[in-house]
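Novice: Quick one, coords34.txt (compact mmCIF, C-alpha atoms and all ligand atoms):
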```txt
# COMPACT_ATOMS: atom_id res chain seq x y z
CA MET A 1 0.00 0.00 0.00
CA ILE A 2 1.30 3.45 -0.94
CA VAL A 3 -0.15 6.32 1.11
CA THR A 4 0.00 9.89 -0.19
CA LEU A 5 -0.43 13.12 1.77
CA THR A 6 -1.58 16.22 -0.08
CA ALA A 7 -1.70 19.09 2.43
CA ASN A 8 -2.92 21.53 -0.24
CA PRO A 9 -5.15 19.66 -2.73
CA SER A 10 -6.80 21.45 -5.64
CA LEU A 11 -9.52 21.24 -8.21
CA ASP A 12 -7.43 21.37 -11.39
CA ARG A 13 -9.12 23.19 -14.27
CA THR A 14 -7.24 22.92 -17.57
CA VAL A 15 -8.39 25.38 -20.24
CA GLU A 16 -7.35 24.54 -23.83
CA LEU A 17 -6.72 27.67 -25.89
CA PRO A 18 -7.12 27.65 -29.72
CA GLY A 19 -3.82 29.53 -30.19
CA ALA A 20 -1.06 31.27 -28.25
CA LEU A 21 -2.08 32.97 -25.00
CA ALA A 22 -2.83 36.66 -25.76
CA ARG A 23 -2.42 38.76 -22.59
CA GLY A 24 -5.09 41.44 -22.21
CA GLU A 25 -7.37 39.89 -24.92
CA VAL A 26 -10.64 37.90 -24.74
CA GLN A 27 -9.99 34.32 -25.88
CA ARG A 28 -12.48 31.47 -26.24
CA ALA A 29 -11.51 28.08 -24.85
CA VAL A 30 -11.82 25.06 -27.16
CA ALA A 31 -12.17 22.61 -24.25
CA VAL A 32 -12.02 22.51 -20.47
CA HIS A 33 -10.97 19.54 -18.31
CA GLN A 34 -11.55 19.30 -14.57
CA GLU A 35 -9.83 16.82 -12.26
CA SER A 36 -9.17 16.37 -8.56
CA GLY A 37 -5.52 17.32 -8.18
CA GLY A 38 -2.58 18.22 -6.03
CA LYS A 39 0.64 16.27 -6.16
CA GLY A 40 -0.16 13.40 -3.77
CA VAL A 41 -3.67 13.08 -5.17
CA ASN A 42 -2.23 12.70 -8.68
CA VAL A 43 0.22 10.04 -7.51
CA SER A 44 -2.68 8.09 -5.95
CA ARG A 45 -4.80 8.55 -9.11
CA ALA A 46 -1.94 7.19 -11.23
CA LEU A 47 -1.43 4.21 -8.90
CA VAL A 48 -5.16 3.37 -8.97
CA ALA A 49 -5.07 3.55 -12.80
CA SER A 50 -2.46 0.76 -12.72
CA GLY A 51 -4.29 -1.34 -10.13
CA LEU A 52 -2.02 -0.59 -7.15
CA GLU A 53 -3.28 -0.25 -3.60
CA THR A 54 -3.13 3.36 -2.42
CA LEU A 55 -4.80 5.82 -0.04
CA ALA A 56 -4.88 9.60 -0.53
CA VAL A 57 -4.85 11.52 2.77
CA LEU A 58 -5.94 15.15 2.48
CA PRO A 59 -7.95 17.94 4.10
CA GLY A 60 -11.45 18.71 2.77
CA ALA A 61 -15.17 18.28 3.36
CA ASP A 62 -17.04 15.33 1.81
CA SER A 63 -19.07 17.79 -0.29
CA ASP A 64 -15.93 19.40 -1.74
CA PRO A 65 -15.63 18.81 -5.53
CA VAL A 66 -12.06 17.51 -5.04
CA LEU A 67 -13.34 14.70 -2.81
CA SER A 68 -16.39 14.02 -5.01
CA GLY A 69 -13.98 13.64 -7.94
CA LEU A 70 -11.90 11.11 -6.01
CA HIS A 71 -15.03 9.23 -5.01
CA ASP A 72 -16.31 9.13 -8.61
CA GLY A 73 -12.86 8.09 -9.87
CA GLY A 74 -12.61 5.17 -7.42
CA VAL A 75 -9.58 6.65 -5.63
CA PRO A 76 -9.58 5.62 -1.93
CA PHE A 77 -9.11 8.59 0.39
CA ALA A 78 -9.18 9.65 4.04
CA ALA A 79 -10.10 13.30 4.51
CA LEU A 80 -9.93 15.70 7.45
CA PRO A 81 -12.85 18.18 7.33
CA ILE A 82 -11.48 21.74 7.71
CA GLY A 83 -14.63 23.86 7.30
CA GLN A 84 -13.24 25.67 4.25
CA ALA A 85 -13.34 25.03 0.50
CA LEU A 86 -10.17 23.66 -1.12
CA ARG A 87 -8.44 25.72 -3.83
CA SER A 88 -8.80 25.67 -7.64
CA ASN A 89 -5.69 25.78 -9.83
CA VAL A 90 -5.97 26.85 -13.45
CA THR A 91 -3.76 25.70 -16.32
CA LEU A 92 -3.84 27.25 -19.78
CA THR A 93 -2.59 24.98 -22.58
CA GLU A 94 -1.62 26.22 -26.04
CA PRO A 95 -1.60 24.02 -29.19
CA ASP A 96 2.23 23.92 -29.27
CA GLY A 97 2.27 22.27 -25.82
CA VAL A 98 3.18 25.41 -23.80
CA THR A 99 1.35 25.33 -20.45
CA THR A 100 0.83 28.22 -18.03
CA LYS A 101 -0.21 27.34 -14.47
CA ILE A 102 -1.80 29.62 -11.86
CA ASN A 103 -1.82 27.96 -8.44
CA GLU A 104 -3.86 29.47 -5.57
CA PRO A 105 -2.40 29.59 -2.03
CA GLY A 106 -5.19 27.38 -0.62
CA PRO A 107 -7.10 27.55 2.69
CA GLU A 108 -5.14 28.21 5.89
CA LEU A 109 -4.68 25.22 8.25
CA SER A 110 -4.66 25.97 11.99
CA GLY A 111 -2.14 24.30 14.32
CA GLU A 112 -4.90 21.96 15.54
CA GLN A 113 -5.85 20.99 11.99
CA GLN A 114 -2.20 20.33 11.11
CA GLU A 115 -1.87 18.02 14.12
CA ALA A 116 -5.13 16.25 13.21
CA LEU A 117 -3.92 15.75 9.62
CA ILE A 118 -0.63 14.28 10.87
CA GLY A 119 -2.61 12.01 13.25
CA LEU A 120 -4.81 10.80 10.38
CA LEU A 121 -1.76 10.11 8.21
CA LEU A 122 0.10 8.22 10.98
CA ASP A 123 -2.99 6.17 11.71
CA ARG A 124 -3.68 5.27 8.07
CA SER A 125 -0.08 4.59 7.00
CA ARG A 126 0.68 1.68 9.35
CA GLY A 127 2.16 -1.12 7.24
CA ALA A 128 2.49 1.09 4.14
CA SER A 129 5.49 0.40 1.86
CA TRP A 130 5.82 4.09 0.92
CA VAL A 131 4.41 7.39 2.15
CA VAL A 132 4.49 10.25 -0.35
CA LEU A 133 4.48 13.81 1.08
CA ALA A 134 3.74 16.05 -1.83
CA GLY A 135 2.95 19.54 -3.03
CA SER A 136 3.05 23.03 -1.59
CA LEU A 137 2.06 23.71 2.01
CA PRO A 138 -1.05 25.83 2.62
CA PRO A 139 -0.86 29.12 4.57
CA GLY A 140 -0.16 28.65 8.28
CA VAL A 141 1.85 25.43 7.86
CA PRO A 142 5.58 25.66 8.77
CA ALA A 143 8.17 24.83 6.10
CA ASP A 144 9.51 21.87 8.14
CA PHE A 145 6.07 20.13 8.17
CA TYR A 146 7.29 17.26 5.95
CA ALA A 147 10.47 16.74 8.01
CA THR A 148 8.33 16.62 11.18
CA ILE A 149 6.05 14.03 9.57
CA ALA A 150 9.02 11.95 8.36
CA ARG A 151 10.39 11.82 11.92
CA ARG A 152 7.01 10.86 13.35
CA LEU A 153 6.38 8.19 10.70
CA ARG A 154 9.70 6.60 11.61
CA SER A 155 9.16 6.73 15.36
CA ASN A 156 5.58 5.47 14.82
CA ALA A 157 6.93 2.35 13.09
CA ASP A 158 7.64 1.04 16.59
CA GLY A 159 9.92 -1.91 15.81
CA THR A 160 8.26 -2.70 12.46
CA VAL A 161 9.81 -1.61 9.15
CA ALA A 162 9.17 2.11 8.57
CA PRO A 163 7.76 3.04 5.16
CA GLY A 164 9.94 4.60 2.48
CA ILE A 165 9.35 8.36 2.53
CA ALA A 166 9.21 10.32 -0.73
CA ILE A 167 8.93 14.12 -0.90
CA ASP A 168 7.91 16.14 -3.96
CA SER A 169 7.61 19.83 -3.17
CA SER A 170 9.15 23.18 -4.03
CA GLY A 171 10.56 26.31 -2.36
CA ALA A 172 10.97 26.40 1.42
CA PRO A 173 9.30 23.01 2.20
CA LEU A 174 11.66 21.34 -0.29
CA ALA A 175 14.78 23.05 1.09
CA ALA A 176 13.65 22.09 4.62
CA ALA A 177 13.89 18.42 3.59
CA LEU A 178 17.68 18.77 3.80
CA VAL A 179 17.82 20.34 7.27
CA GLY A 180 18.13 18.49 10.58
CA ASP A 181 18.80 14.89 11.60
CA ALA A 182 18.69 11.71 9.45
CA ALA A 183 15.24 10.74 10.83
CA GLY A 184 13.65 13.76 9.14
CA LYS A 185 15.26 13.20 5.74
CA PRO A 186 13.47 11.46 2.86
CA ASP A 187 14.38 8.20 1.12
CA LEU A 188 13.47 9.80 -2.19
CA LEU A 189 13.18 13.38 -3.45
CA LYS A 190 11.56 14.21 -6.82
CA PRO A 191 12.63 17.69 -7.92
CA ASN A 192 12.21 19.05 -11.45
CA ALA A 193 15.11 21.05 -12.94
CA GLU A 194 14.13 24.31 -11.24
CA GLU A 195 13.69 22.61 -7.88
CA LEU A 196 16.99 20.73 -8.31
CA ALA A 197 18.79 24.05 -8.87
CA GLU A 198 17.31 25.36 -5.57
CA LEU A 199 17.98 22.11 -3.72
CA ALA A 200 21.60 21.84 -4.84
CA ALA A 201 22.21 25.39 -3.59
CA ALA A 202 20.56 24.48 -0.26
CA ALA A 203 22.83 21.38 -0.06
CA GLY A 204 25.89 23.65 -0.43
CA PHE A 205 26.71 22.56 -4.02
CA THR A 206 29.24 25.13 -5.18
CA ASN A 207 28.63 24.97 -8.97
CA VAL A 208 25.66 27.23 -9.55
CA TYR A 209 23.69 25.83 -12.48
CA THR A 210 20.45 27.26 -13.81
CA ALA A 211 17.41 25.05 -14.43
CA GLU A 212 18.07 25.40 -18.19
CA GLN A 213 21.66 24.17 -17.78
CA LEU A 214 20.51 21.21 -15.67
CA GLU A 215 17.85 20.25 -18.26
CA ALA A 216 20.32 20.54 -21.11
CA ASP A 217 23.13 18.54 -19.51
CA PRO A 218 22.32 15.34 -17.56
CA ALA A 219 25.92 15.20 -16.27
CA LYS A 220 25.42 18.55 -14.52
CA ALA A 221 22.03 17.36 -13.19
CA ALA A 222 23.72 14.22 -11.81
CA GLN A 223 26.42 16.31 -10.04
CA ALA A 224 23.78 18.55 -8.49
CA ALA A 225 21.63 15.58 -7.44
CA ALA A 226 24.72 13.84 -6.01
CA ALA A 227 25.32 16.86 -3.76
CA VAL A 228 21.76 16.45 -2.46
CA VAL A 229 22.27 12.71 -1.88
CA ALA A 230 25.53 13.51 -0.03
CA SER A 231 23.52 15.68 2.38
CA GLY A 232 21.70 12.56 3.65
CA VAL A 233 18.82 11.93 1.22
CA GLY A 234 18.44 8.31 0.04
CA ALA A 235 17.93 9.00 -3.69
CA VAL A 236 17.09 11.89 -6.01
CA LEU A 237 14.88 11.42 -9.06
CA ALA A 238 15.41 14.68 -10.94
CA THR A 239 12.94 15.06 -13.81
CA LEU A 240 14.17 17.21 -16.69
CA GLY A 241 10.99 17.93 -18.69
CA SER A 242 11.12 16.70 -22.30
CA LYS A 243 14.77 15.63 -21.81
CA GLY A 244 13.84 12.78 -19.43
CA ALA A 245 15.20 12.25 -15.91
CA VAL A 246 18.31 11.52 -13.85
CA LEU A 247 18.38 9.17 -10.86
CA VAL A 248 21.18 9.41 -8.29
CA THR A 249 21.48 6.97 -5.35
CA ALA A 250 24.38 6.09 -3.04
CA ASP A 251 25.29 3.37 -5.59
CA GLY A 252 25.23 5.20 -8.90
CA ALA A 253 23.77 7.74 -11.31
CA TRP A 254 21.74 7.13 -14.48
CA PHE A 255 20.09 9.23 -17.17
CA ALA A 256 16.93 8.07 -18.94
CA THR A 257 15.32 9.53 -22.01
CA HIS A 258 12.19 8.74 -24.04
CA PRO A 259 11.79 9.39 -27.78
CA PRO A 260 9.94 12.68 -28.45
CA ILE A 261 6.17 12.62 -27.95
CA LYS A 262 3.57 15.22 -28.89
CA ALA A 263 3.15 17.10 -25.59
CA VAL A 264 -0.52 17.91 -24.99
CA SER A 265 -0.49 18.89 -21.29
CA THR A 266 2.43 18.49 -18.91
CA VAL A 267 0.24 19.03 -15.80
CA GLY A 268 0.68 16.01 -13.58
CA ALA A 269 3.65 14.68 -15.60
CA GLY A 270 5.99 14.95 -12.60
CA ASP A 271 3.46 13.28 -10.31
CA SER A 272 3.00 10.48 -12.84
CA SER A 273 6.81 10.04 -12.97
CA LEU A 274 6.86 9.56 -9.21
CA ALA A 275 3.98 7.06 -9.46
CA GLY A 276 5.88 5.14 -12.17
CA TYR A 277 9.00 5.03 -9.99
CA LEU A 278 7.04 3.72 -6.97
CA LEU A 279 5.17 1.21 -9.11
CA ALA A 280 8.48 -0.34 -10.22
CA ALA A 281 9.95 -0.04 -6.69
CA THR A 282 7.04 -1.92 -5.09
CA GLN A 283 7.43 -4.66 -7.71
CA GLY A 284 11.04 -5.14 -6.56
CA GLY A 285 12.59 -3.30 -9.55
CA SER A 286 16.22 -2.16 -9.59
CA ALA A 287 17.14 1.54 -9.52
CA GLN A 288 17.29 1.49 -13.33
CA ASP A 289 13.88 -0.21 -13.60
CA CYS A 290 12.38 2.49 -11.36
CA LEU A 291 13.96 5.26 -13.45
CA ARG A 292 12.77 3.64 -16.71
CA GLN A 293 9.16 3.41 -15.50
CA ALA A 294 9.31 6.98 -14.11
CA VAL A 295 10.27 8.37 -17.52
CA ALA A 296 7.77 6.15 -19.35
CA HIS A 297 4.99 7.36 -17.04
CA GLY A 298 6.06 11.03 -17.38
CA ALA A 299 6.12 10.89 -21.20
CA ALA A 300 2.71 9.18 -21.31
CA ALA A 301 1.23 11.79 -18.92
CA ALA A 302 2.57 14.68 -21.02
CA SER A 303 0.89 13.22 -24.12
CA LEU A 304 -2.54 13.09 -22.40
CA PRO A 305 -4.88 16.11 -21.99
CA GLY A 306 -5.43 18.06 -18.75
CA SER A 307 -4.03 16.37 -15.69
CA THR A 308 -4.99 12.90 -16.97
CA VAL A 309 -2.67 10.26 -15.51
CA PRO A 310 -1.66 7.17 -17.52
CA ALA A 311 -2.15 3.52 -16.62
CA VAL A 312 0.95 1.35 -16.92
CA HIS A 313 -0.39 -0.27 -20.13
CA GLN A 314 -0.42 3.20 -21.77
CA THR A 315 3.31 3.66 -21.09
CA THR A 316 6.24 2.50 -23.25
CA PRO A 317 9.13 1.61 -20.92
CA ASP A 318 10.86 -0.40 -23.67
CA ALA A 319 11.31 2.85 -25.64
CA VAL A 320 13.31 4.43 -22.77
CA THR A 321 17.10 4.55 -23.14
CA ILE A 322 19.23 4.43 -19.96
CA THR A 323 22.84 5.63 -19.70
CA ALA A 324 25.10 5.35 -16.63
CA LEU A 325 26.63 8.67 -15.49
CA GLN A 326 29.48 9.79 -13.23
CA LYS A 327 28.25 11.24 -9.94
CA ASP A 328 31.19 13.64 -9.49
N1 LIG B 401 7.38 17.96 -23.25
C1 LIG B 401 7.60 16.72 -22.79
N2 LIG B 401 7.90 15.71 -23.64
C2 LIG B 401 8.13 14.46 -23.19
N3 LIG B 401 8.11 14.11 -21.88
C3 LIG B 401 7.84 15.07 -21.00
C4 LIG B 401 7.57 16.42 -21.38
N4 LIG B 401 7.36 17.14 -20.25
C5 LIG B 401 7.46 16.27 -19.24
N5 LIG B 401 7.76 15.04 -19.67
C6 LIG B 401 7.95 13.82 -18.87
O1 LIG B 401 7.44 14.05 -17.56
C7 LIG B 401 8.48 14.01 -16.58
C8 LIG B 401 8.23 15.09 -15.53
O2 LIG B 401 8.21 16.36 -16.14
P1 LIG B 401 8.87 17.64 -15.45
O3 LIG B 401 8.42 18.82 -16.24
O4 LIG B 401 10.32 17.43 -15.31
O5 LIG B 401 8.25 17.58 -13.97
P2 LIG B 401 7.21 18.50 -13.18
O6 LIG B 401 5.87 18.20 -13.82
O7 LIG B 401 7.32 18.01 -11.78
O8 LIG B 401 7.65 19.94 -13.36
C9 LIG B 401 9.79 14.14 -17.37
O9 LIG B 401 10.85 13.48 -16.72
C10 LIG B 401 9.42 13.45 -18.68
O10 LIG B 401 9.49 12.04 -18.52
O1 LIG B 402 1.02 22.21 -4.53
P1 LIG B 402 1.50 23.00 -5.72
O2 LIG B 402 2.97 23.15 -5.79
O3 LIG B 402 0.77 24.32 -5.83
O4 LIG B 402 1.12 22.15 -7.00
C1 LIG B 402 -0.18 21.70 -7.20
C2 LIG B 402 -0.44 21.48 -8.65
O5 LIG B 402 0.52 20.57 -9.15
C3 LIG B 402 -0.10 19.44 -9.72
O6 LIG B 402 -0.09 18.42 -8.74
C4 LIG B 402 0.60 19.03 -10.98
O7 LIG B 402 1.97 18.80 -10.67
P2 LIG B 402 3.07 18.39 -11.73
O8 LIG B 402 2.70 19.07 -13.03
O9 LIG B 402 4.35 18.88 -11.13
O10 LIG B 402 3.05 16.91 -11.85
C5 LIG B 402 -1.54 19.85 -9.98
O11 LIG B 402 -2.44 18.78 -9.88
C6 LIG B 402 -1.80 20.87 -8.90
O12 LIG B 402 -2.70 21.84 -9.34
```
Mind converting the file's structure to structure tokens?

Specialist:
Amino acid sequence: MIVTLTANPSLDRTVELPGALARGEVQRAVAVHQESGGKGVNVSRALVASGLETLAVLPGADSDPVLSGLHDGGVPFAALPIGQALRSNVTLTEPDGVTTKINEPGPELSGEQQEALIGLLLDRSRGASWVVLAGSLPPGVPADFYATIARRLRSNADGTVAPGIAIDSSGAPLAAALVGDAAGKPDLLKPNAEELAELAAAAGFTNVYTAEQLEADPAKAAQAAAAVVASGVGAVLATLGSKGAVLVTADGAWFATHPPIKAVSTVGAGDSSLAGYLLAATQGGSAQDCLRQAVAHGAAAASLPGSTVPAVHQTTPDAVTITALQKD
């Protein structure tokens, strides 16, 4: 069972434009897609699509459209009512594949609600193989929320094997994943190129690379990710948009790429990559198998509209090429 926590879920509305986005003009949409979203929610949706056992833990009232969407989509969830509506995030997609995202801050969570959400997660993740802590943190939640949860998940394991802990976030909550003792650090981090640039700086990596440089050169991405692994993180799966992804563990570094696809909407591509990685990991796959399935899932997600997530049978792992890289 893979449990996901989405502290700041969203109703994802993807608006398809007929041409390039024209600022200041009236434009008519050609189609609109609406999905329950947020990073952990998307990972759970992708796992359900491939028949894996998962539970999405999140705040929200039963009547909230995000939860109704999960219910209708057959995604198991455990929700903490917070007395406020969840946020809506809007994505504008252009015919050439360019996507523009506008993410709301989301409803504030009080200290009591944060504690109740952690309690719900601890309770529902007993015996889980992985716990995924994903997405931005809503207003009121401290940046070290995920590190606190990681520590409590490990102490909660109480003699049994603690779950693997994966974090996919950005900004301060992501940087906070590198601070403090080993018990608060994740087994897996999933940054994109921009997040890897920030993370490497937070890990004290002295070569300052931009996100563009990291996407263009997997060797640079592997060096940056290796600096993050050296700071005490188990593994880094750095996704590099259309270029593919780099995986760095204590044992090695690999780059994986998929032949070009026609990108329709990249929303949820990163979350699908993480789901692909965990799918292979729970089936006992090697590091390279996990990376291969991550890139296959990401490419399939980018070729689907809105934040649609692929099932494993819609992915093409055999088309993925893997190359070993130097870590330093
Ligand atoms: N334009 C694209 N063409 C092909 N694959 C893509 C494209 N954009 C994303 N992907 C796939 O999705 C994965 C995650 O995308 P990325 O943009 O790096 O993450 P995030 O969605 O977290 O920002 C990539 O590693 C790749 O496999
Ligand atoms: O919590 P954040 O950082 O605002 O991101 C939430 C948004 O990211 C998504 O999870 C998509 O993420 P990816 O495109 O990175 O896979 C959307 O479903 C959601 O609207």

Novice: Throw together the list of residues within 7 Å of ligand LIG 401 (chain B), counting all atoms listed in the file, and drop it here as a PyMOL selection string.

Specialist: chain A and resi 191-193+239-245+258+260-263+266-271+273+294-299+301-302

Novice: If we count all atoms listed in the file and set the cut-off at 8 Å, which residues sit around Asp144 in chain A, ignoring sequence neighbours fewer than 3 positions away in its own chain? Please answer as number ranges by chain.

Specialist: A: 147-148, 173, 176-177

Novice: Using C-alpha atoms, can you export the residues from the last selection as a compact mmCIF listing (two decimals), in the frame of the given file?

Specialist:
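In the end it all went to part-v5.txt:
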```txt
# COMPACT_ATOMS: atom_id res chain seq x y z
CA ALA A 147 10.47 16.74 8.01
CA THR A 148 8.33 16.62 11.18
CA PRO A 173 9.30 23.01 2.20
CA ALA A 176 13.65 22.09 4.62
CA ALA A 177 13.89 18.42 3.59
```

Novice: So how many Å separate atom O5 of ligand LIG 402 (chain B) and CA of Ser272 in chain A, to one decimal?

Specialist: 11.0 Å

Novice: Edge lengths and centre in Å to one decimal, as JSON, is what I'm after for the box along x, y and z that holds all listed atoms of range 20-34 of chain A once 8 Å is added on each side.

Specialist:
```
{"center_x": -6.8, "center_y": 30.4, "center_z": -21.4, "size_x": 27.4, "size_y": 38.1, "size_z": 29.7}
```

Novice: Go ahead and compute the interatomic distance for CA of Leu55 in chain A and CA of Asn42 in chain A, in Å to one decimal.

Specialist: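 That distance, rounded to one decimal, is 11.3 Å.
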
Novice: Using all atoms listed in the file, what are the residues with an atom within 10 Å of ligand LIG 402 (chain B), set out as JSON, numbers by chain?

Specialist: {"A": [6, 7, 8, 9, 10, 11, 12, 13, 14, 35, 36, 37, 38, 39, 40, 41, 42, 43, 87, 88, 89, 90, 91, 99, 101, 102, 103, 104, 105, 106, 134, 135, 136, 137, 138, 168, 169, 170, 171, 190, 191, 192, 239, 265, 266, 267, 268, 269, 270, 271, 272, 273, 274, 298, 301, 302, 306, 307, 308, 309]}

Novice: Grab the CA of Ala203 in chain A to CA of Val246 in chain A distance for me, in Å with one decimal place.

Specialist: 17.5 Å

Novice: So which one's closest to Gly97 in chain A, A:Leu278, A:Leu247, A:Ala216, A:Leu21? Using all atoms listed in the file, please.

Specialist: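 Closest candidate: A:Leu21.
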
Novice: Measuring between only C-alpha atoms, which one of A:Ser110, A:Gln213, A:Thr54, A:Gln84 shows the shortest distance to Trp130 in chain A?

Specialist: A:Thr54
